[in-house]
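K.L.:
Quick one, my_file_39.pdb (PDB, C-alpha atoms, pLDDT in the B column):
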```pdb
ATOM      1  CA  MET A  27      62.562  42.883  27.508  1.00 66.00           C
ATOM      2  CA  THR A  28      63.951  39.472  26.593  1.00 84.00           C
ATOM      3  CA  ALA A  29      64.454  38.700  22.919  1.00 93.00           C
ATOM      4  CA  LEU A  30      62.321  35.776  21.749  1.00 97.00           C
ATOM      5  CA  LEU A  31      63.257  35.866  18.059  1.00 98.00           C
ATOM      6  CA  GLN A  32      66.454  37.464  16.839  1.00 97.00           C
ATOM      7  CA  LEU A  33      67.479  37.627  13.185  1.00 98.00           C
ATOM      8  CA  ASP A  34      71.080  38.746  12.698  1.00 97.00           C
ATOM      9  CA  ASP A  35      72.476  39.870   9.336  1.00 97.00           C
ATOM     10  CA  LEU A  36      70.488  37.446   7.175  1.00 98.00           C
ATOM     11  CA  HIS A  37      71.758  36.891   3.641  1.00 98.00           C
ATOM     12  CA  VAL A  38      69.493  34.633   1.584  1.00 97.00           C
ATOM     13  CA  PHE A  39      69.601  33.746  -2.096  1.00 96.00           C
ATOM     14  CA  TYR A  40      67.273  32.141  -4.622  1.00 94.00           C
ATOM     15  CA  GLY A  41      69.870  30.643  -6.923  1.00 92.00           C
ATOM     16  CA  ALA A  42      72.098  33.538  -8.003  1.00 92.00           C
ATOM     17  CA  SER A  43      69.528  36.173  -6.980  1.00 94.00           C
ATOM     18  CA  GLN A  44      69.943  37.733  -3.534  1.00 96.00           C
ATOM     19  CA  ALA A  45      66.635  38.038  -1.694  1.00 96.00           C
ATOM     20  CA  LEU A  46      67.817  39.257   1.726  1.00 97.00           C
ATOM     21  CA  ASP A  47      70.849  41.486   2.177  1.00 96.00           C
ATOM     22  CA  GLY A  48      71.754  41.791   5.845  1.00 97.00           C
ATOM     23  CA  VAL A  49      68.282  41.744   7.422  1.00 98.00           C
ATOM     24  CA  SER A  50      68.273  42.064  11.216  1.00 98.00           C
ATOM     25  CA  LEU A  51      65.250  42.359  13.489  1.00 97.00           C
ATOM     26  CA  GLN A  52      64.071  41.306  16.918  1.00 97.00           C
ATOM     27  CA  VAL A  53      60.783  40.298  18.518  1.00 98.00           C
ATOM     28  CA  ASP A  54      60.769  40.485  22.312  1.00 97.00           C
ATOM     29  CA  GLU A  55      58.640  38.400  24.658  1.00 96.00           C
ATOM     30  CA  GLY A  56      55.073  39.745  24.584  1.00 95.00           C
ATOM     31  CA  GLN A  57      55.819  42.163  21.751  1.00 96.00           C
ATOM     32  CA  ALA A  58      53.940  42.700  18.489  1.00 97.00           C
ATOM     33  CA  VAL A  59      56.208  43.601  15.557  1.00 97.00           C
ATOM     34  CA  ALA A  60      54.912  44.647  12.138  1.00 96.00           C
ATOM     35  CA  LEU A  61      57.028  43.656   9.134  1.00 96.00           C
ATOM     36  CA  MET A  62      56.229  46.079   6.330  1.00 95.00           C
ATOM     37  CA  GLY A  63      57.133  46.888   2.751  1.00 94.00           C
ATOM     38  CA  ARG A  64      55.832  46.745  -0.791  1.00 92.00           C
ATOM     39  CA  ASN A  65      55.251  43.434  -2.546  1.00 90.00           C
ATOM     40  CA  GLY A  66      58.419  41.548  -3.414  1.00 91.00           C
ATOM     41  CA  MET A  67      60.639  43.346  -0.905  1.00 94.00           C
ATOM     42  CA  GLY A  68      61.497  40.283   1.205  1.00 95.00           C
ATOM     43  CA  LYS A  69      58.819  40.012   3.891  1.00 96.00           C
ATOM     44  CA  THR A  70      57.738  36.428   3.199  1.00 94.00           C
ATOM     45  CA  THR A  71      61.365  35.423   2.584  1.00 96.00           C
ATOM     46  CA  THR A  72      62.267  36.811   6.016  1.00 97.00           C
ATOM     47  CA  ILE A  73      59.479  34.799   7.629  1.00 96.00           C
ATOM     48  CA  SER A  74      60.436  31.635   5.743  1.00 96.00           C
ATOM     49  CA  THR A  75      64.051  32.081   6.799  1.00 97.00           C
ATOM     50  CA  ALA A  76      63.091  32.607  10.446  1.00 97.00           C
ATOM     51  CA  LEU A  77      61.126  29.362  10.270  1.00 95.00           C
ATOM     52  CA  ARG A  78      64.145  27.640   8.693  1.00 96.00           C
ATOM     53  CA  MET A  79      62.397  26.864   5.419  1.00 95.00           C
ATOM     54  CA  LEU A  80      65.153  28.615   3.471  1.00 95.00           C
ATOM     55  CA  PRO A  81      68.924  28.166   3.813  1.00 94.00           C
ATOM     56  CA  LEU A  82      71.192  30.948   5.007  1.00 95.00           C
ATOM     57  CA  ARG A  83      74.209  32.100   3.059  1.00 95.00           C
ATOM     58  CA  LYS A  84      75.229  34.238   6.032  1.00 97.00           C
ATOM     59  CA  GLY A  85      73.763  35.307   9.373  1.00 97.00           C
ATOM     60  CA  ARG A  86      71.947  33.522  12.161  1.00 97.00           C
ATOM     61  CA  VAL A  87      68.492  32.886  13.571  1.00 97.00           C
ATOM     62  CA  VAL A  88      68.112  32.724  17.350  1.00 97.00           C
ATOM     63  CA  PHE A  89      64.867  31.653  19.007  1.00 97.00           C
ATOM     64  CA  ALA A  90      64.343  31.579  22.774  1.00 95.00           C
ATOM     65  CA  GLY A  91      68.090  31.877  23.266  1.00 95.00           C
ATOM     66  CA  GLN A  92      68.941  28.950  20.974  1.00 96.00           C
ATOM     67  CA  ASP A  93      70.790  29.310  17.686  1.00 97.00           C
ATOM     68  CA  ILE A  94      68.512  27.485  15.241  1.00 97.00           C
ATOM     69  CA  SER A  95      70.318  28.527  12.049  1.00 96.00           C
ATOM     70  CA  THR A  96      71.031  24.929  11.052  1.00 94.00           C
ATOM     71  CA  LEU A  97      67.847  23.281  12.316  1.00 94.00           C
ATOM     72  CA  PRO A  98      65.304  21.800   9.894  1.00 92.00           C
ATOM     73  CA  SER A  99      61.994  23.643   9.803  1.00 92.00           C
ATOM     74  CA  PHE A 100      59.980  20.992  11.674  1.00 90.00           C
ATOM     75  CA  ARG A 101      62.348  21.182  14.637  1.00 91.00           C
ATOM     76  CA  ALA A 102      62.260  24.989  14.620  1.00 88.00           C
ATOM     77  CA  ALA A 103      58.455  24.866  14.666  1.00 89.00           C
ATOM     78  CA  ARG A 104      58.466  22.501  17.621  1.00 91.00           C
ATOM     79  CA  LEU A 105      60.398  25.078  19.637  1.00 94.00           C
ATOM     80  CA  GLY A 106      57.328  27.302  19.537  1.00 95.00           C
ATOM     81  CA  MET A 107      56.841  29.170  16.263  1.00 95.00           C
ATOM     82  CA  GLY A 108      53.338  29.027  14.785  1.00 94.00           C
ATOM     83  CA  LEU A 109      52.785  30.185  11.203  1.00 93.00           C
ATOM     84  CA  VAL A 110      49.633  31.525   9.582  1.00 93.00           C
ATOM     85  CA  PRO A 111      50.842  31.442   5.974  1.00 88.00           C
ATOM     86  CA  GLU A 112      49.940  33.766   3.145  1.00 83.00           C
ATOM     87  CA  GLY A 113      47.065  32.212   1.233  1.00 74.00           C
ATOM     88  CA  ARG A 114      45.871  30.300   4.344  1.00 74.00           C
ATOM     89  CA  ARG A 115      46.779  26.815   2.994  1.00 83.00           C
ATOM     90  CA  CYS A 116      44.224  24.857   4.977  1.00 91.00           C
ATOM     91  CA  PHE A 117      44.002  21.153   4.226  1.00 87.00           C
ATOM     92  CA  PRO A 118      41.049  21.258   1.783  1.00 90.00           C
ATOM     93  CA  ASN A 119      39.913  17.640   2.124  1.00 90.00           C
ATOM     94  CA  LEU A 120      39.979  17.616   5.914  1.00 94.00           C
ATOM     95  CA  THR A 121      37.161  18.939   8.066  1.00 96.00           C
ATOM     96  CA  VAL A 122      37.547  22.021  10.217  1.00 96.00           C
ATOM     97  CA  HIS A 123      37.940  19.788  13.263  1.00 96.00           C
ATOM     98  CA  GLU A 124      40.558  17.640  11.540  1.00 96.00           C
ATOM     99  CA  ASN A 125      42.520  20.717  10.421  1.00 92.00           C
ATOM    100  CA  LEU A 126      42.590  22.002  13.982  1.00 96.00           C
ATOM    101  CA  ILE A 127      43.825  18.791  15.579  1.00 94.00           C
ATOM    102  CA  ALA A 128      46.268  17.837  12.804  1.00 91.00           C
ATOM    103  CA  ALA A 129      49.265  19.510  14.451  1.00 86.00           C
ATOM    104  CA  ALA A 130      47.860  20.157  17.923  1.00 93.00           C
ATOM    105  CA  ARG A 131      50.151  20.165  20.932  1.00 93.00           C
ATOM    106  CA  SER A 132      49.070  20.250  24.555  1.00 93.00           C
ATOM    107  CA  GLY A 133      48.898  23.614  26.242  1.00 94.00           C
ATOM    108  CA  TYR A 134      46.674  26.612  26.856  1.00 95.00           C
ATOM    109  CA  TRP A 135      45.152  26.622  23.370  1.00 95.00           C
ATOM    110  CA  ASP A 136      42.776  23.711  22.859  1.00 95.00           C
ATOM    111  CA  LEU A 137      39.634  23.195  20.782  1.00 95.00           C
ATOM    112  CA  GLY A 138      37.416  24.935  23.293  1.00 95.00           C
ATOM    113  CA  ARG A 139      39.516  28.092  23.479  1.00 96.00           C
ATOM    114  CA  VAL A 140      40.013  28.277  19.701  1.00 96.00           C
ATOM    115  CA  GLN A 141      36.276  27.854  19.146  1.00 96.00           C
ATOM    116  CA  GLN A 142      35.603  30.550  21.726  1.00 95.00           C
ATOM    117  CA  LEU A 143      37.925  32.879  19.824  1.00 96.00           C
ATOM    118  CA  PHE A 144      36.276  31.987  16.505  1.00 95.00           C
ATOM    119  CA  PRO A 145      32.751  30.608  17.144  1.00 95.00           C
ATOM    120  CA  ARG A 146      32.278  29.895  13.446  1.00 94.00           C
ATOM    121  CA  LEU A 147      34.859  27.151  13.662  1.00 95.00           C
ATOM    122  CA  GLN A 148      32.610  25.311  16.102  1.00 95.00           C
ATOM    123  CA  GLU A 149      29.604  25.864  13.840  1.00 95.00           C
ATOM    124  CA  ARG A 150      31.553  24.538  10.825  1.00 94.00           C
ATOM    125  CA  ALA A 151      33.397  21.749  12.679  1.00 95.00           C
ATOM    126  CA  ASP A 152      32.228  18.957  10.362  1.00 95.00           C
ATOM    127  CA  GLN A 153      32.540  20.883   7.097  1.00 95.00           C
ATOM    128  CA  TYR A 154      35.464  20.353   4.762  1.00 95.00           C
ATOM    129  CA  ALA A 155      37.861  23.310   4.682  1.00 92.00           C
ATOM    130  CA  VAL A 156      37.411  23.666   0.913  1.00 93.00           C
ATOM    131  CA  SER A 157      33.763  24.597   1.492  1.00 94.00           C
ATOM    132  CA  LEU A 158      34.561  27.544   3.792  1.00 92.00           C
ATOM    133  CA  SER A 159      34.607  31.178   2.784  1.00 91.00           C
ATOM    134  CA  GLY A 160      37.951  32.963   2.578  1.00 89.00           C
ATOM    135  CA  GLY A 161      37.370  34.612   5.934  1.00 90.00           C
ATOM    136  CA  GLU A 162      36.454  31.327   7.586  1.00 93.00           C
ATOM    137  CA  GLN A 163      39.548  29.689   6.135  1.00 93.00           C
ATOM    138  CA  GLN A 164      41.648  32.488   7.619  1.00 93.00           C
ATOM    139  CA  MET A 165      40.078  31.905  11.020  1.00 94.00           C
ATOM    140  CA  LEU A 166      40.861  28.221  10.596  1.00 95.00           C
ATOM    141  CA  ALA A 167      44.486  28.956   9.666  1.00 94.00           C
ATOM    142  CA  ILE A 168      44.895  31.106  12.782  1.00 95.00           C
ATOM    143  CA  GLY A 169      43.164  28.512  14.946  1.00 96.00           C
ATOM    144  CA  ARG A 170      45.350  25.740  13.533  1.00 96.00           C
ATOM    145  CA  ALA A 171      48.499  27.750  14.384  1.00 96.00           C
ATOM    146  CA  LEU A 172      47.218  28.433  17.912  1.00 97.00           C
ATOM    147  CA  MET A 173      46.572  24.712  18.435  1.00 96.00           C
ATOM    148  CA  THR A 174      50.353  24.190  18.243  1.00 96.00           C
ATOM    149  CA  ASN A 175      50.553  26.434  21.349  1.00 96.00           C
ATOM    150  CA  PRO A 176      53.249  28.707  19.942  1.00 96.00           C
ATOM    151  CA  ARG A 177      55.396  31.136  21.873  1.00 96.00           C
ATOM    152  CA  LEU A 178      55.548  33.284  18.730  1.00 97.00           C
ATOM    153  CA  LEU A 179      52.661  33.622  16.277  1.00 97.00           C
ATOM    154  CA  ILE A 180      53.723  34.649  12.766  1.00 96.00           C
ATOM    155  CA  LEU A 181      50.995  35.982  10.472  1.00 95.00           C
ATOM    156  CA  ASP A 182      51.744  36.583   6.797  1.00 92.00           C
ATOM    157  CA  GLU A 183      49.069  38.858   5.260  1.00 88.00           C
ATOM    158  CA  ALA A 184      46.480  37.906   7.861  1.00 82.00           C
ATOM    159  CA  THR A 185      43.618  39.960   6.387  1.00 86.00           C
ATOM    160  CA  GLU A 186      44.513  40.271   2.697  1.00 83.00           C
ATOM    161  CA  GLY A 187      41.515  40.103   0.363  1.00 83.00           C
ATOM    162  CA  LEU A 188      38.921  39.769   3.102  1.00 85.00           C
ATOM    163  CA  ALA A 189      35.657  41.688   3.412  1.00 86.00           C
ATOM    164  CA  PRO A 190      35.735  44.601   5.904  1.00 89.00           C
ATOM    165  CA  VAL A 191      33.457  42.877   8.428  1.00 90.00           C
ATOM    166  CA  ILE A 192      35.705  39.793   8.442  1.00 89.00           C
ATOM    167  CA  ARG A 193      38.823  41.959   8.661  1.00 90.00           C
ATOM    168  CA  ARG A 194      37.437  43.553  11.810  1.00 91.00           C
ATOM    169  CA  GLU A 195      36.729  40.133  13.311  1.00 92.00           C
ATOM    170  CA  ILE A 196      40.249  38.914  12.540  1.00 92.00           C
ATOM    171  CA  TRP A 197      41.844  42.079  13.938  1.00 93.00           C
ATOM    172  CA  SER A 198      39.719  41.824  17.078  1.00 93.00           C
ATOM    173  CA  ALA A 199      40.969  38.268  17.627  1.00 94.00           C
ATOM    174  CA  ILE A 200      44.613  39.167  16.974  1.00 93.00           C
ATOM    175  CA  THR A 201      44.343  42.150  19.308  1.00 94.00           C
ATOM    176  CA  ARG A 202      42.986  39.862  22.008  1.00 95.00           C
ATOM    177  CA  LEU A 203      45.936  37.500  21.524  1.00 96.00           C
ATOM    178  CA  ARG A 204      48.339  40.411  21.877  1.00 94.00           C
ATOM    179  CA  SER A 205      46.582  41.635  25.049  1.00 93.00           C
ATOM    180  CA  GLU A 206      47.017  38.152  26.523  1.00 93.00           C
ATOM    181  CA  GLY A 207      50.782  38.435  26.067  1.00 94.00           C
ATOM    182  CA  LEU A 208      51.379  36.320  22.963  1.00 97.00           C
ATOM    183  CA  SER A 209      54.392  37.465  20.936  1.00 97.00           C
ATOM    184  CA  ILE A 210      53.427  38.276  17.341  1.00 97.00           C
ATOM    185  CA  LEU A 211      55.278  38.970  14.094  1.00 97.00           C
ATOM    186  CA  LEU A 212      52.802  40.310  11.576  1.00 95.00           C
ATOM    187  CA  VAL A 213      52.818  41.215   7.889  1.00 92.00           C
ATOM    188  CA  ASP A 214      49.924  43.387   6.730  1.00 85.00           C
ATOM    189  CA  LYS A 215      49.434  46.370   4.459  1.00 82.00           C
ATOM    190  CA  THR A 216      46.661  48.323   6.184  1.00 84.00           C
ATOM    191  CA  LEU A 217      48.367  51.037   8.204  1.00 89.00           C
ATOM    192  CA  SER A 218      45.164  52.210   9.896  1.00 86.00           C
ATOM    193  CA  GLU A 219      44.922  48.779  11.519  1.00 89.00           C
ATOM    194  CA  ILE A 220      48.545  47.787  11.934  1.00 90.00           C
ATOM    195  CA  LEU A 221      49.950  50.969  13.504  1.00 90.00           C
ATOM    196  CA  PRO A 222      47.678  51.017  16.596  1.00 90.00           C
ATOM    197  CA  PHE A 223      48.375  47.303  17.045  1.00 92.00           C
ATOM    198  CA  ALA A 224      52.171  47.121  16.754  1.00 95.00           C
ATOM    199  CA  ASP A 225      54.803  47.914  19.377  1.00 96.00           C
ATOM    200  CA  ALA A 226      57.466  48.237  16.685  1.00 96.00           C
ATOM    201  CA  CYS A 227      57.659  48.374  12.893  1.00 96.00           C
ATOM    202  CA  VAL A 228      60.326  47.150  10.482  1.00 97.00           C
ATOM    203  CA  ILE A 229      60.317  48.231   6.830  1.00 96.00           C
ATOM    204  CA  LEU A 230      62.018  46.179   4.138  1.00 96.00           C
ATOM    205  CA  ASP A 231      63.013  47.494   0.735  1.00 95.00           C
ATOM    206  CA  ARG A 232      64.732  45.229  -1.792  1.00 95.00           C
ATOM    207  CA  GLY A 233      65.778  42.773   0.871  1.00 96.00           C
ATOM    208  CA  ARG A 234      67.195  45.333   3.283  1.00 97.00           C
ATOM    209  CA  VAL A 235      65.918  46.932   6.479  1.00 97.00           C
ATOM    210  CA  VAL A 236      65.538  50.617   5.632  1.00 97.00           C
ATOM    211  CA  TRP A 237      63.738  51.726   8.787  1.00 97.00           C
ATOM    212  CA  GLN A 238      62.660  50.363  12.137  1.00 96.00           C
ATOM    213  CA  GLY A 239      61.176  51.975  15.191  1.00 96.00           C
ATOM    214  CA  ALA A 240      57.988  52.763  17.086  1.00 96.00           C
ATOM    215  CA  PRO A 241      54.805  53.216  15.006  1.00 95.00           C
ATOM    216  CA  ASP A 242      54.544  56.905  15.899  1.00 94.00           C
ATOM    217  CA  GLY A 243      57.895  57.472  14.186  1.00 94.00           C
ATOM    218  CA  LEU A 244      56.604  56.265  10.830  1.00 93.00           C
ATOM    219  CA  THR A 245      56.281  59.621   9.080  1.00 93.00           C
ATOM    220  CA  ALA A 246      54.225  60.410   5.998  1.00 92.00           C
ATOM    221  CA  ASP A 247      57.461  60.686   3.980  1.00 93.00           C
ATOM    222  CA  LEU A 248      58.542  57.190   5.027  1.00 93.00           C
ATOM    223  CA  GLN A 249      55.106  55.813   4.223  1.00 92.00           C
ATOM    224  CA  HIS A 250      55.165  57.416   0.776  1.00 92.00           C
ATOM    225  CA  THR A 251      58.729  56.344   0.002  1.00 93.00           C
ATOM    226  CA  TYR A 252      58.629  52.737   1.126  1.00 93.00           C
ATOM    227  CA  LEU A 253      54.983  51.733   1.474  1.00 92.00           C
ATOM    228  CA  GLY A 254      53.357  53.571  -1.413  1.00 81.00           C
ATOM    229  CA  VAL A 255      50.901  55.365   0.862  1.00 55.00           C
TER     230      VAL A 255
END
```
Write the structure described by the file as structure tokens, please.
P.N.:
Amino acid sequence: MTALLQLDDLHVFYGASQALDGVSLQVDEGQAVALMGRNGMGKTTTISTALRMLPLRKGRVVFAGQDISTLPSFRAARLGMGLVPEGRRCFPNLTVHENLIAAARSGYWDLGRVQQLFPRLQERADQYAVSLSGGEQQMLAIGRALMTNPRLLILDEATEGLAPVIRREIWSAITRLRSEGLSILLVDKTLSEILPFADACVILDRGRVVWQGAPDGLTADLQHTYLGV
């Protein structure tokens, strides 16, 4: 497989506090990679660094064969990384339709295809995002990222805090995206859902990669030690 995103030996600091200590991982074309670990272990920092929202003290970020370590985040995004951020962060005073077209770029994913994936977004097209339920806002956040027509979709806690029926709907949509060949980097805590979905798993602990491999290699001891399962 060809590497789409490659993170090499990332060292990232918040002031004097080191957040990432030599993190390396890779997402290949068409691959789904699960980034795992307890809260505060560096998952969101890794994502933010990949998207060039945080400066590097050491290491490099390579996307689609291009070293983007010094690029500003907006230029990195334009290369084809779409983010579904933790907490959704929809534009509250814009309608669903306006949220979807705000950062749209031409390509396979357009309004029709996004609304087919999430029919509720068509039903709620003229509603303000602030009026949506949490699950609907998450659908909107995913749809908004797809409208940028990314080569890599990055989802940070895609189903956190959602009702089980909505979780299933979100997972069904993400699974469809994976089956269509979209590369995905995903953070989520629910092993029963993430392990059948992922091609590879990476576990972070205190800003370091402590294990990576195929989901079937994630033993009960590893789960207990690093994931609190």
K.L.:
Fewer than 3 positions away in the same chain doesn't count, so skip those; otherwise give me all residues within 8 Å of Tyr154 in chain A, counting all atoms listed in the file, as a ChimeraX atom specification.
P.N.:
/A:118-122,157-158
K.L.:
Near range 123-125 of chain A, within 12 Å and counting only C-alpha atoms, which residues show up once chain neighbours fewer than 4 positions away are dropped, as an NGL selection string?
P.N.:
:A and (114-119 or 129-130 or 136-138 or 140-141 or 146-156 or 163 or 165-174)
K.L.:
For Ser74 in chain A, work out the shell of residues within 10 Å, counting all atoms listed in the file and skipping chain neighbours fewer than 5 positions away, then give it as an MDAnalysis selection string.
P.N.:
chainID A and resid 68:69 79:81 99 109 111
K.L.:
Please list, as a PyMOL selection string, the residues that have an atom at most 9 Å away from (57.8, 36.1, 24.8) in the coordinates of this file, counting all atoms listed in the file.
P.N.:
chain A and resi 27-31+53-57+90+177-178+207-210
K.L.:
Hey, can you spit out that residue selection with C-alpha atoms as a PDB file, in the frame of the given file?
P.N.:
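As written to disk, result_0.pdb reads:
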```
ATOM      1  CA  MET A  27      62.562  42.883  27.508  1.00 66.00           C
ATOM      2  CA  THR A  28      63.951  39.472  26.593  1.00 84.00           C
ATOM      3  CA  ALA A  29      64.454  38.700  22.919  1.00 93.00           C
ATOM      4  CA  LEU A  30      62.321  35.776  21.749  1.00 97.00           C
ATOM      5  CA  LEU A  31      63.257  35.866  18.059  1.00 98.00           C
ATOM      6  CA  VAL A  53      60.783  40.298  18.518  1.00 98.00           C
ATOM      7  CA  ASP A  54      60.769  40.485  22.312  1.00 97.00           C
ATOM      8  CA  GLU A  55      58.640  38.400  24.658  1.00 96.00           C
ATOM      9  CA  GLY A  56      55.073  39.745  24.584  1.00 95.00           C
ATOM     10  CA  GLN A  57      55.819  42.163  21.751  1.00 96.00           C
ATOM     11  CA  ALA A  90      64.343  31.579  22.774  1.00 95.00           C
ATOM     12  CA  ARG A 177      55.396  31.136  21.873  1.00 96.00           C
ATOM     13  CA  LEU A 178      55.548  33.284  18.730  1.00 97.00           C
ATOM     14  CA  GLY A 207      50.782  38.435  26.067  1.00 94.00           C
ATOM     15  CA  LEU A 208      51.379  36.320  22.963  1.00 97.00           C
ATOM     16  CA  SER A 209      54.392  37.465  20.936  1.00 97.00           C
ATOM     17  CA  ILE A 210      53.427  38.276  17.341  1.00 97.00           C
TER      18      ILE A 210
END
```
K.L.:
Enumerate, as a ChimeraX atom specification, the residues matched when the PyMOL selection byres ((chain A and resi 244) around 12) is run on the file above.
P.N.:
/A:60,62,217,220-222,224,226-229,236-243,245-253,255
K.L.:
Can you tell me, as a VMD selection string, what residues are no more than 10 Å from Gln92 in chain A when counting all atoms listed in the file, ignoring any on the same chain fewer than 3 positions away?
P.N.:
chain A and resid 30 to 32 87 to 89 95 105
K.L.:
List the residues sitting within 12 Å of (48.0, 37.2, 3.4) in the file's frame, using only C-alpha atoms, as JSON, numbers by chain.
P.N.:
{"A": [65, 69, 70, 109, 110, 111, 112, 113, 114, 115, 160, 161, 163, 164, 167, 168, 180, 181, 182, 183, 184, 185, 186, 187, 188, 193, 212, 213, 214, 215, 216]}
K.L.:
Where does the PyMOL selection byres ((chain A and resi 83) around 8) land in this file, that is, which residues does it pick, as a list in words?
P.N.:
Leu36, His37, Val38, Phe39, Pro81, Leu82, Lys84 and Gly85 of chain A
K.L.:
Work out how far CA of Arg104 in chain A is from CA of Thr201 in chain A, in Å to one decimal.
P.N.:
24.3 Å
K.L.:
What gap, in Å, lies between CA of Gly106 in chain A and CA of Asn175 in chain A?
P.N.:
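Here the two named atoms are 7.1 Å from each other.
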K.L.:
Between CA of Arg204 in chain A and CA of Pro98 in chain A, what is the spacing in Å?
P.N.:
27.9 Å
K.L.:
Which one is closest to Asp47 in chain A: A:Thr96, A:Gln142, A:Ser205, A:Thr72? Count only C-alpha atoms.
P.N.:
A:Thr72
K.L.:
Which residue, A:Met107, A:Val59, A:Leu97, A:Ala199, has the smallest gap to Leu211 in chain A when you use only C-alpha atoms?
P.N.:
A:Val59
K.L.:
Given the choices A:Ala58, A:Ala189, A:Leu203, A:Val235, which gets closest to Asp35 in chain A if the distance is worked out from only C-alpha atoms?
P.N.:
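Among the listed residues, A:Val235 lies closest to Asp35 in chain A.
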K.L.:
Please rebuild range 88-107 of chain A with N, CA and C atoms and give the result as a PDB file, keeping the file's coordinate frame.
P.N.:
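And here's part.pdb as it stands now:
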```pdb
ATOM      1  N   VAL A  88      68.115  33.140  15.944  1.00 97.00           N
ATOM      2  CA  VAL A  88      68.112  32.724  17.350  1.00 97.00           C
ATOM      3  C   VAL A  88      66.676  32.794  17.862  1.00 97.00           C
ATOM      4  N   PHE A  89      66.221  31.693  18.448  1.00 97.00           N
ATOM      5  CA  PHE A  89      64.867  31.653  19.007  1.00 97.00           C
ATOM      6  C   PHE A  89      64.930  31.143  20.433  1.00 97.00           C
ATOM      7  N   ALA A  90      64.359  31.932  21.344  1.00 95.00           N
ATOM      8  CA  ALA A  90      64.343  31.579  22.774  1.00 95.00           C
ATOM      9  C   ALA A  90      65.750  31.255  23.278  1.00 95.00           C
ATOM     10  N   GLY A  91      66.718  32.028  22.814  1.00 95.00           N
ATOM     11  CA  GLY A  91      68.090  31.877  23.266  1.00 95.00           C
ATOM     12  C   GLY A  91      68.883  30.779  22.590  1.00 95.00           C
ATOM     13  N   GLN A  92      68.270  30.063  21.649  1.00 96.00           N
ATOM     14  CA  GLN A  92      68.941  28.950  20.974  1.00 96.00           C
ATOM     15  C   GLN A  92      69.213  29.304  19.516  1.00 96.00           C
ATOM     16  N   ASP A  93      70.445  29.101  19.090  1.00 97.00           N
ATOM     17  CA  ASP A  93      70.790  29.310  17.686  1.00 97.00           C
ATOM     18  C   ASP A  93      70.187  28.175  16.870  1.00 97.00           C
ATOM     19  N   ILE A  94      69.207  28.510  16.016  1.00 97.00           N
ATOM     20  CA  ILE A  94      68.512  27.485  15.241  1.00 97.00           C
ATOM     21  C   ILE A  94      68.859  27.581  13.755  1.00 97.00           C
ATOM     22  N   SER A  95      69.961  28.254  13.447  1.00 96.00           N
ATOM     23  CA  SER A  95      70.318  28.527  12.049  1.00 96.00           C
ATOM     24  C   SER A  95      70.453  27.268  11.205  1.00 96.00           C
ATOM     25  N   THR A  96      70.823  26.157  11.815  1.00 94.00           N
ATOM     26  CA  THR A  96      71.031  24.929  11.052  1.00 94.00           C
ATOM     27  C   THR A  96      69.941  23.889  11.288  1.00 94.00           C
ATOM     28  N   LEU A  97      68.903  24.244  12.043  1.00 94.00           N
ATOM     29  CA  LEU A  97      67.847  23.281  12.316  1.00 94.00           C
ATOM     30  C   LEU A  97      66.926  23.129  11.105  1.00 94.00           C
ATOM     31  N   PRO A  98      66.365  21.944  10.893  1.00 92.00           N
ATOM     32  CA  PRO A  98      65.304  21.800   9.894  1.00 92.00           C
ATOM     33  C   PRO A  98      64.037  22.491  10.379  1.00 92.00           C
ATOM     34  N   SER A  99      63.160  22.831   9.465  1.00 92.00           N
ATOM     35  CA  SER A  99      61.994  23.643   9.803  1.00 92.00           C
ATOM     36  C   SER A  99      61.074  22.969  10.821  1.00 92.00           C
ATOM     37  N   PHE A 100      60.909  21.645  10.741  1.00 90.00           N
ATOM     38  CA  PHE A 100      59.980  20.992  11.674  1.00 90.00           C
ATOM     39  C   PHE A 100      60.489  21.084  13.106  1.00 90.00           C
ATOM     40  N   ARG A 101      61.800  21.065  13.278  1.00 91.00           N
ATOM     41  CA  ARG A 101      62.348  21.182  14.637  1.00 91.00           C
ATOM     42  C   ARG A 101      62.244  22.621  15.139  1.00 91.00           C
ATOM     43  N   ALA A 102      62.428  23.582  14.240  1.00 88.00           N
ATOM     44  CA  ALA A 102      62.260  24.989  14.620  1.00 88.00           C
ATOM     45  C   ALA A 102      60.820  25.243  15.054  1.00 88.00           C
ATOM     46  N   ALA A 103      59.864  24.678  14.323  1.00 89.00           N
ATOM     47  CA  ALA A 103      58.455  24.866  14.666  1.00 89.00           C
ATOM     48  C   ALA A 103      58.142  24.281  16.042  1.00 89.00           C
ATOM     49  N   ARG A 104      58.731  23.151  16.337  1.00 91.00           N
ATOM     50  CA  ARG A 104      58.466  22.501  17.621  1.00 91.00           C
ATOM     51  C   ARG A 104      58.975  23.313  18.810  1.00 91.00           C
ATOM     52  N   LEU A 105      59.900  24.219  18.559  1.00 94.00           N
ATOM     53  CA  LEU A 105      60.398  25.078  19.637  1.00 94.00           C
ATOM     54  C   LEU A 105      59.382  26.139  20.029  1.00 94.00           C
ATOM     55  N   GLY A 106      58.381  26.372  19.145  1.00 95.00           N
ATOM     56  CA  GLY A 106      57.328  27.302  19.537  1.00 95.00           C
ATOM     57  C   GLY A 106      57.041  28.422  18.560  1.00 95.00           C
ATOM     58  N   MET A 107      57.227  28.181  17.263  1.00 95.00           N
ATOM     59  CA  MET A 107      56.841  29.170  16.263  1.00 95.00           C
ATOM     60  C   MET A 107      55.633  28.649  15.497  1.00 95.00           C
TER      61      MET A 107
END
```
